[in-house]
Each structure stands twice: as structure tokens, then as C-alpha cells.
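Structure data (TSV, C-alpha atoms) from query-v7.tsv:
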```tsv
chain	number	residue	atom	x	y	z
J	1	MET	CA	12.73	-6.25	-12.00
J	2	PRO	CA	13.36	-6.04	-8.24
J	3	SER	CA	16.80	-7.01	-7.00
J	4	ARG	CA	17.33	-10.57	-5.76
J	5	SER	CA	17.39	-9.27	-2.17
J	6	SER	CA	13.97	-7.63	-2.57
J	7	PRO	CA	11.02	-9.57	-1.09
J	8	LEU	CA	9.19	-8.84	-4.38
J	9	HIS	CA	11.72	-10.71	-6.51
J	10	PRO	CA	9.82	-13.40	-8.47
J	11	ALA	CA	12.16	-16.21	-7.43
J	12	LEU	CA	11.78	-15.31	-3.75
J	13	LEU	CA	8.00	-15.12	-4.09
J	14	LEU	CA	7.93	-18.58	-5.68
J	15	GLU	CA	10.22	-20.03	-3.01
J	16	ASP	CA	7.98	-18.64	-0.27
J	17	TYR	CA	4.86	-19.93	-2.02
J	18	LYS	CA	6.38	-23.42	-2.36
J	19	ARG	CA	7.38	-23.40	1.31
J	20	ILE	CA	3.81	-22.54	2.31
J	21	VAL	CA	2.26	-25.14	-0.03
J	22	ASP	CA	4.63	-27.82	1.28
J	23	ARG	CA	3.83	-26.91	4.89
J	24	TRP	CA	0.09	-27.16	4.28
J	25	ALA	CA	0.53	-30.43	2.41
J	26	GLU	CA	2.19	-31.83	5.54
J	27	LEU	CA	-0.52	-30.40	7.80
J	28	LEU	CA	-3.26	-31.90	5.62
J	29	ALA	CA	-1.60	-35.28	5.12
J	30	ASP	CA	-3.34	-36.87	8.09
J	31	VAL	CA	-6.66	-35.02	7.82
J	32	ASP	CA	-9.73	-36.50	6.17
J	33	HIS	CA	-10.47	-33.97	3.41
J	34	THR	CA	-14.18	-34.77	3.60
J	35	ASN	CA	-14.31	-33.99	7.34
J	36	THR	CA	-15.25	-30.31	7.45
J	37	ASP	CA	-14.93	-30.20	11.24
J	38	ALA	CA	-11.33	-31.43	11.07
J	39	LEU	CA	-10.49	-28.98	8.28
J	40	ALA	CA	-12.09	-26.11	10.21
J	41	ALA	CA	-10.17	-27.07	13.36
J	42	LEU	CA	-6.91	-27.08	11.40
J	43	ALA	CA	-7.65	-23.68	9.88
J	44	LYS	CA	-8.59	-22.33	13.30
J	45	SER	CA	-5.41	-23.56	14.95
J	46	GLU	CA	-3.07	-22.59	12.10
J	47	ILE	CA	-4.63	-19.26	11.10
J	48	TYR	CA	-7.22	-17.74	13.39
J	49	ASP	CA	-5.76	-18.72	16.77
J	50	LYS	CA	-2.52	-16.96	15.79
J	51	LEU	CA	-4.19	-13.59	15.17
J	52	ASP	CA	-3.48	-10.96	17.79
J	53	ARG	CA	-6.93	-9.83	18.92
J	54	ALA	CA	-5.60	-6.50	20.18
J	55	ASN	CA	-4.21	-5.66	16.75
J	56	TYR	CA	-7.13	-6.96	14.72
J	57	GLY	CA	-9.95	-5.50	16.81
J	58	MET	CA	-11.54	-8.76	17.88
J	59	ASN	CA	-12.18	-7.91	21.52
```

Before we go any further, please render this structure as C-alpha cells.
Amino acid sequence: MPSRSSPLHPALLLEDYKRIVDRWAELLADVDHTNTDALAALAKSEIYDKLDRANYGMN
């Protein structure tokens, strides 16, 4: 098993996963889950807009 300081330690992976799930739960709290445009806009702003086009070849 990886040491507790390793990023691959199961407890650290679960903590990170929970942090991400909680963050998305907050982001989605005020979004109509049947509104695909609103969900797409959220995904765009939280995921795709943060990609560095120079590093990911999207010129």
C-alpha cells in the first residue's frame, strides 16, 4: 500500500473524490437538471474554459 503521503493512498483518493463531488453538488444546486443548455454552460465554464489551448492543441 502506498504511504499516507503518497497521492495514490486510498484515503487521500477518497478525500479528493469527496471534495470534488461536494463541489459539483454545490455548483449543481441551483441548476435545473432538465435544462441541457444550463448544464452544458456549467460544464463549459467549469471544465472546458479552463483548458489551456496552447497545451491541448486547440488553436

For this session: Work out how far atom CA of Val31 of chain J is from atom CA of Ala43 of chain J, in Å to one decimal.
Result: 11.6 Å

Seminar exercise, completed: What separates atom CA of Glu15 of chain J and atom CA of Lys50 of chain J is a distance of 22.9 Å

For this session: To one decimal in Å, tell me the separation between atom CA of Glu46 of chain J and atom CA of Leu27 of chain J.
Result: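 We find that atom CA of Glu46 of chain J and atom CA of Leu27 of chain J lie 9.3 Å from each other.
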